[in-house]
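The structure file work.txt is reproduced below (compact mmCIF, C-alpha atoms).
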```txt
# COMPACT_ATOMS: atom_id res chain seq x y z
CA MET A 1 -155.56 121.02 130.68
CA GLY A 2 -158.13 123.30 129.15
CA GLU A 3 -157.67 126.20 126.77
CA GLN A 4 -157.63 128.62 129.69
CA SER A 5 -154.62 126.85 131.23
CA LYS A 6 -152.73 127.02 127.92
CA ALA A 7 -153.42 130.74 127.68
CA ARG A 8 -151.67 131.18 131.04
CA ALA A 9 -148.52 129.34 129.96
CA LEU A 10 -145.43 131.17 131.11
CA SER A 11 -143.03 129.27 128.88
CA VAL A 12 -143.08 127.18 125.73
CA ASP A 13 -142.40 124.13 127.92
CA ASP A 14 -145.54 124.93 129.97
CA TYR A 15 -147.56 125.43 126.81
CA ILE A 16 -146.50 122.12 125.26
CA GLU A 17 -146.94 120.17 128.51
CA ALA A 18 -150.59 121.25 128.66
CA PHE A 19 -151.41 119.02 125.65
CA PRO A 20 -151.91 115.27 125.30
CA PRO A 21 -148.80 113.31 124.24
CA ASP A 22 -149.76 113.06 120.55
CA VAL A 23 -150.07 116.85 120.26
CA GLN A 24 -146.94 117.39 122.36
CA ALA A 25 -144.89 115.33 119.90
CA VAL A 26 -145.95 117.48 116.95
CA LEU A 27 -145.44 120.72 118.90
CA GLU A 28 -141.93 119.58 119.84
CA THR A 29 -141.20 118.96 116.15
CA LEU A 30 -142.43 122.46 115.25
CA ARG A 31 -140.28 123.83 118.06
CA ALA A 32 -137.21 121.98 116.77
CA LEU A 33 -137.80 123.29 113.24
CA ALA A 34 -138.10 126.88 114.48
CA ARG A 35 -134.91 126.50 116.52
CA ARG A 36 -133.03 124.99 113.57
CA VAL A 37 -133.98 127.84 111.22
CA LEU A 38 -133.74 130.57 113.87
CA PRO A 39 -130.98 129.47 116.27
CA GLU A 40 -130.59 133.04 117.53
CA ALA A 41 -134.30 133.43 118.32
CA GLU A 42 -135.69 133.97 121.79
CA GLU A 43 -138.51 131.60 122.69
CA ALA A 44 -141.53 133.40 124.13
CA ILE A 45 -145.26 133.17 124.66
CA SER A 46 -147.03 135.85 122.64
CA TYR A 47 -150.80 136.03 122.13
CA GLY A 48 -150.94 132.94 124.35
CA ILE A 49 -148.93 130.74 121.96
CA PRO A 50 -145.24 129.97 121.32
CA ALA A 51 -143.39 132.62 119.34
CA TYR A 52 -139.82 132.88 118.08
CA ARG A 53 -138.48 136.40 118.38
CA VAL A 54 -135.36 137.96 116.85
CA GLY A 55 -134.30 141.46 117.86
CA GLY A 56 -137.66 142.08 119.50
CA THR A 57 -139.64 141.04 116.40
CA ASP A 58 -141.83 137.93 116.44
CA ILE A 59 -140.92 135.88 113.37
CA VAL A 60 -143.15 132.80 113.63
CA TYR A 61 -145.79 131.32 115.94
CA PHE A 62 -147.24 127.86 116.33
CA ALA A 63 -150.19 126.49 118.27
CA GLY A 64 -151.72 123.22 119.31
CA TRP A 65 -155.35 122.24 119.10
CA GLN A 66 -157.36 119.12 119.81
CA ARG A 67 -157.15 117.72 116.27
CA HIS A 68 -154.41 119.75 114.59
CA THR A 69 -151.48 122.12 115.00
CA SER A 70 -151.05 125.46 113.26
CA LEU A 71 -148.25 127.72 112.04
CA TYR A 72 -148.63 131.50 111.71
CA PRO A 73 -148.28 133.92 109.89
CA ILE A 74 -147.80 132.69 106.36
CA PRO A 75 -145.87 135.08 104.11
CA ALA A 76 -146.60 135.92 100.50
CA VAL A 77 -145.16 133.10 98.41
CA SER A 78 -144.67 132.18 94.77
CA GLU A 79 -147.34 130.26 92.87
CA ALA A 80 -145.24 127.10 93.04
CA VAL A 81 -144.94 127.32 96.84
CA GLU A 82 -148.62 128.19 97.15
CA LEU A 83 -149.50 124.92 95.41
CA ARG A 84 -147.49 123.07 98.07
CA LEU A 85 -149.24 125.03 100.85
CA LYS A 86 -152.77 124.53 99.52
CA PRO A 87 -153.50 121.24 101.37
CA TYR A 88 -152.56 122.93 104.66
CA ARG A 89 -154.20 126.34 104.22
CA ALA A 90 -156.70 127.31 106.89
CA GLY A 91 -157.27 130.94 106.10
CA ARG A 92 -154.99 133.54 104.61
CA GLY A 93 -152.31 133.54 107.29
CA THR A 94 -152.53 130.04 108.76
CA LEU A 95 -151.30 126.57 107.95
CA ARG A 96 -153.05 123.68 109.69
CA PHE A 97 -151.53 120.22 110.10
CA GLY A 98 -153.84 117.37 111.06
CA LEU A 99 -152.73 115.09 113.87
CA GLY A 100 -151.80 111.64 112.64
CA GLU A 101 -150.76 113.01 109.23
CA PRO A 102 -147.11 113.34 108.22
CA LEU A 103 -145.74 116.78 109.03
CA PRO A 104 -144.22 118.45 105.92
CA THR A 105 -141.03 119.42 107.74
CA ASP A 106 -139.15 120.65 104.66
CA LEU A 107 -142.07 122.90 103.72
CA ILE A 108 -142.35 124.24 107.29
CA GLU A 109 -138.62 125.02 107.40
CA SER A 110 -138.95 126.86 104.07
CA ILE A 111 -141.84 128.94 105.40
CA ILE A 112 -139.97 129.79 108.61
CA GLN A 113 -136.95 130.83 106.50
CA LEU A 114 -139.15 133.04 104.29
CA LEU A 115 -140.63 134.65 107.40
CA ALA A 116 -137.16 135.21 108.83
CA ASP A 117 -136.00 136.80 105.57
CA GLN A 118 -139.04 139.09 105.49
CA ARG A 119 -139.43 139.93 109.19
CA ARG A 120 -135.95 139.77 110.75
CA PRO A 121 -134.86 143.24 111.85
CA ALA A 122 -132.07 144.75 109.77
```
Represent the structure contained in this file as structure tokens.
Amino acid sequence: MGEQSKARALSVDDYIEAFPPDVQAVLETLRALARRVLPEAEEAISYGIPAYRVGGTDIVYFAGWQRHTSLYPIPAVSEAVELRLKPYRAGRGTLRFGLGEPLPTDLIESIIQLLADQRRPA
């Protein structure tokens, strides 16, 4: 399906199914990581991409592309964490993971947890 079809996705399942199998596999991994860190989160489509929402606040988003997947937004982090993020940085608020490259799942879980700590409603 084209980008326009993805933008019309009504559910995260619809969104993921619009991609080729190699991208679907990575998106399903990102989904599983978000669910593990945020088990109470509501899955939604926001800004045309999957979002994980707690108490009405979007905590984290991910997206699929032809040659990579992305995670948004990226919180302020320590210098040590920033060094770990550097290979994946694609702008100030985005991490980009190339298809066919190992997904840094522990790093992604850490980022989702930081976002949850910073953005989760009190």
May I ask which of the residues A:Pro50, A:Leu30, A:Glu40, A:Pro21 is the closest one to Thr105 (chain A), counting all atoms listed in the file?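 Among A:Pro50, A:Leu30, A:Glu40, A:Pro21, it is A:Leu30 that comes nearest to Thr105 (chain A).
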Applying 12 Å and all atoms listed in the file, which residues near Gly91 (chain A) remain after dropping the ones on its own chain fewer than 4 positions away? List them as number ranges by chain. A: 70-74, 85-87, 95-96
Residues from the last selection, C-alpha atoms, saved as a PDB file, in the coordinates of the input:
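Resulting contents of selection.pdb:
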```pdb
ATOM      1  CA  SER A  70    -151.050 125.460 113.260  1.00  0.00           C
ATOM      2  CA  LEU A  71    -148.250 127.720 112.040  1.00  0.00           C
ATOM      3  CA  TYR A  72    -148.630 131.500 111.710  1.00  0.00           C
ATOM      4  CA  PRO A  73    -148.280 133.920 109.890  1.00  0.00           C
ATOM      5  CA  ILE A  74    -147.800 132.690 106.360  1.00  0.00           C
ATOM      6  CA  LEU A  85    -149.240 125.030 100.850  1.00  0.00           C
ATOM      7  CA  LYS A  86    -152.770 124.530  99.520  1.00  0.00           C
ATOM      8  CA  PRO A  87    -153.500 121.240 101.370  1.00  0.00           C
ATOM      9  CA  LEU A  95    -151.300 126.570 107.950  1.00  0.00           C
ATOM     10  CA  ARG A  96    -153.050 123.680 109.690  1.00  0.00           C
TER      11      ARG A  96
END
```
For Leu10 (chain A): contacts at 12 Å, only C-alpha atoms, fewer than 5 positions along chain excluded, given as a list in words: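 Neighbouring residues, sequence-local ones excluded: Ser5, Tyr15, Ile16, Glu17, Ala18, Glu43, Ala44, Ile45, Ser46, Tyr47, Gly48, Ile49 and Pro50 of chain A.
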Residues near Ala32 (chain A), cut-off 12 Å, only C-alpha atoms, skip fewer than 5 positions along chain, as a ChimeraX atom specification: /A:12,25-27,37-39,41,43,52,62,105,108-109,112
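Across the structure, CA of Pro20 (chain A) and CA of Pro102 (chain A) are spaced 17.8 Å apart.
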Take CA of Asp22 (chain A) and CA of Ser110 (chain A) and report the distance between them in Å, one decimal.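 Between CA of Asp22 (chain A) and CA of Ser110 (chain A) the gap works out to 24.1 Å.
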Between CA of Thr57 (chain A) and CA of Leu103 (chain A), distance in Å (one decimal): 26.1 Å
Which residue, A:Leu83, A:Leu99, A:Ala34, A:Ala51, has the smallest gap to Ala63 (chain A) when you use only C-alpha atoms?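 Of the candidates, the smallest distance to Ala63 (chain A) is held by A:Ala51.
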Mind giving me the axis-aligned box for region 51-63 of chain A with 3 Å on every side, centre plus edges in Å to one decimal, as lines of an AutoDock Vina configuration file?
```
center_x = -142.2
center_y = 134.3
center_z = 116.4
size_x = 21.9
size_y = 21.6
size_z = 12.1
```
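Comparing A:Ser11, A:Gly98, A:Glu28, A:Gln118 by their smallest distance to Trp65 (chain A), the closest is A:Gly98 (using all atoms listed in the file).
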Which of these, A:Arg120, A:Tyr88, A:Thr69, A:Pro75, has the shortest distance to Thr29 (chain A) once you count only C-alpha atoms?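 For Thr29 (chain A), the nearest of the given residues is A:Thr69.
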Generate N, CA and C atoms for region 37-66 of chain A and emit them as an mmCIF file, in the coordinates of the input.
```cif
data_model
loop_
_atom_site.group_PDB
_atom_site.id
_atom_site.type_symbol
_atom_site.label_atom_id
_atom_site.label_comp_id
_atom_site.auth_asym_id
_atom_site.auth_seq_id
_atom_site.Cartn_x
_atom_site.Cartn_y
_atom_site.Cartn_z
ATOM 1 N N VAL A 37 -134.020 126.727 112.174
ATOM 2 C CA VAL A 37 -133.980 127.840 111.220
ATOM 3 C C VAL A 37 -133.583 129.144 111.894
ATOM 4 N N LEU A 38 -133.991 129.322 113.142
ATOM 5 C CA LEU A 38 -133.740 130.570 113.870
ATOM 6 C C LEU A 38 -132.956 130.292 115.161
ATOM 7 N N PRO A 39 -131.720 129.830 115.056
ATOM 8 C CA PRO A 39 -130.980 129.470 116.270
ATOM 9 C C PRO A 39 -130.762 130.640 117.220
ATOM 10 N N GLU A 40 -130.796 131.859 116.694
ATOM 11 C CA GLU A 40 -130.590 133.040 117.530
ATOM 12 C C GLU A 40 -131.875 133.547 118.183
ATOM 13 N N ALA A 41 -133.000 132.936 117.845
ATOM 14 C CA ALA A 41 -134.300 133.430 118.320
ATOM 15 C C ALA A 41 -134.508 133.176 119.804
ATOM 16 N N GLU A 42 -135.218 134.101 120.403
ATOM 17 C CA GLU A 42 -135.690 133.970 121.790
ATOM 18 C C GLU A 42 -137.041 133.272 121.733
ATOM 19 N N GLU A 43 -137.224 132.265 122.573
ATOM 20 C CA GLU A 43 -138.510 131.600 122.690
ATOM 21 C C GLU A 43 -139.379 132.405 123.642
ATOM 22 N N ALA A 44 -140.633 132.617 123.282
ATOM 23 C CA ALA A 44 -141.530 133.400 124.130
ATOM 24 C C ALA A 44 -142.957 132.902 123.943
ATOM 25 N N ILE A 45 -143.817 133.359 124.835
ATOM 26 C CA ILE A 45 -145.260 133.170 124.660
ATOM 27 C C ILE A 45 -145.799 134.549 124.279
ATOM 28 N N SER A 46 -146.447 134.608 123.132
ATOM 29 C CA SER A 46 -147.030 135.850 122.640
ATOM 30 C C SER A 46 -148.426 135.523 122.118
ATOM 31 N N TYR A 47 -149.400 136.322 122.483
ATOM 32 C CA TYR A 47 -150.800 136.030 122.130
ATOM 33 C C TYR A 47 -151.216 134.664 122.655
ATOM 34 N N GLY A 48 -150.580 134.195 123.731
ATOM 35 C CA GLY A 48 -150.940 132.940 124.350
ATOM 36 C C GLY A 48 -150.373 131.697 123.684
ATOM 37 N N ILE A 49 -149.510 131.880 122.668
ATOM 38 C CA ILE A 49 -148.930 130.740 121.960
ATOM 39 C C ILE A 49 -147.421 130.930 121.798
ATOM 40 N N PRO A 50 -146.683 129.846 121.505
ATOM 41 C CA PRO A 50 -145.240 129.970 121.320
ATOM 42 C C PRO A 50 -144.891 130.870 120.131
ATOM 43 N N ALA A 51 -143.884 131.706 120.369
ATOM 44 C CA ALA A 51 -143.390 132.620 119.340
ATOM 45 C C ALA A 51 -141.868 132.561 119.362
ATOM 46 N N TYR A 52 -141.274 132.819 118.208
ATOM 47 C CA TYR A 52 -139.820 132.880 118.080
ATOM 48 C C TYR A 52 -139.476 134.281 117.624
ATOM 49 N N ARG A 53 -138.705 134.963 118.472
ATOM 50 C CA ARG A 53 -138.480 136.400 118.380
ATOM 51 C C ARG A 53 -136.988 136.671 118.122
ATOM 52 N N VAL A 54 -136.732 137.545 117.156
ATOM 53 C CA VAL A 54 -135.360 137.960 116.850
ATOM 54 C C VAL A 54 -135.324 139.484 116.915
ATOM 55 N N GLY A 55 -134.438 140.014 117.744
ATOM 56 C CA GLY A 55 -134.300 141.460 117.860
ATOM 57 C C GLY A 55 -135.593 142.156 118.247
ATOM 58 N N GLY A 56 -136.407 141.494 119.056
ATOM 59 C CA GLY A 56 -137.660 142.080 119.500
ATOM 60 C C GLY A 56 -138.826 141.900 118.542
ATOM 61 N N THR A 57 -138.595 141.262 117.395
ATOM 62 C CA THR A 57 -139.640 141.040 116.400
ATOM 63 C C THR A 57 -140.042 139.578 116.373
ATOM 64 N N ASP A 58 -141.337 139.305 116.541
ATOM 65 C CA ASP A 58 -141.830 137.930 116.440
ATOM 66 C C ASP A 58 -141.760 137.508 114.976
ATOM 67 N N ILE A 59 -141.093 136.377 114.739
ATOM 68 C CA ILE A 59 -140.920 135.880 113.370
ATOM 69 C C ILE A 59 -141.985 134.848 113.024
ATOM 70 N N VAL A 60 -142.206 133.882 113.906
ATOM 71 C CA VAL A 60 -143.150 132.800 113.630
ATOM 72 C C VAL A 60 -143.800 132.355 114.933
ATOM 73 N N TYR A 61 -145.022 131.847 114.807
ATOM 74 C CA TYR A 61 -145.790 131.320 115.940
ATOM 75 C C TYR A 61 -146.290 129.940 115.560
ATOM 76 N N PHE A 62 -146.524 129.109 116.577
ATOM 77 C CA PHE A 62 -147.240 127.860 116.330
ATOM 78 C C PHE A 62 -148.195 127.619 117.492
ATOM 79 N N ALA A 63 -149.186 126.756 117.242
ATOM 80 C CA ALA A 63 -150.190 126.490 118.270
ATOM 81 C C ALA A 63 -150.685 125.061 118.154
ATOM 82 N N GLY A 64 -151.137 124.544 119.276
ATOM 83 C CA GLY A 64 -151.720 123.220 119.310
ATOM 84 C C GLY A 64 -153.223 123.303 119.532
ATOM 85 N N TRP A 65 -153.915 122.350 118.968
ATOM 86 C CA TRP A 65 -155.350 122.240 119.100
ATOM 87 C C TRP A 65 -155.698 120.778 119.322
ATOM 88 N N GLN A 66 -156.945 120.486 119.510
ATOM 89 C CA GLN A 66 -157.360 119.120 119.810
ATOM 90 C C GLN A 66 -157.077 118.157 118.654
#
```
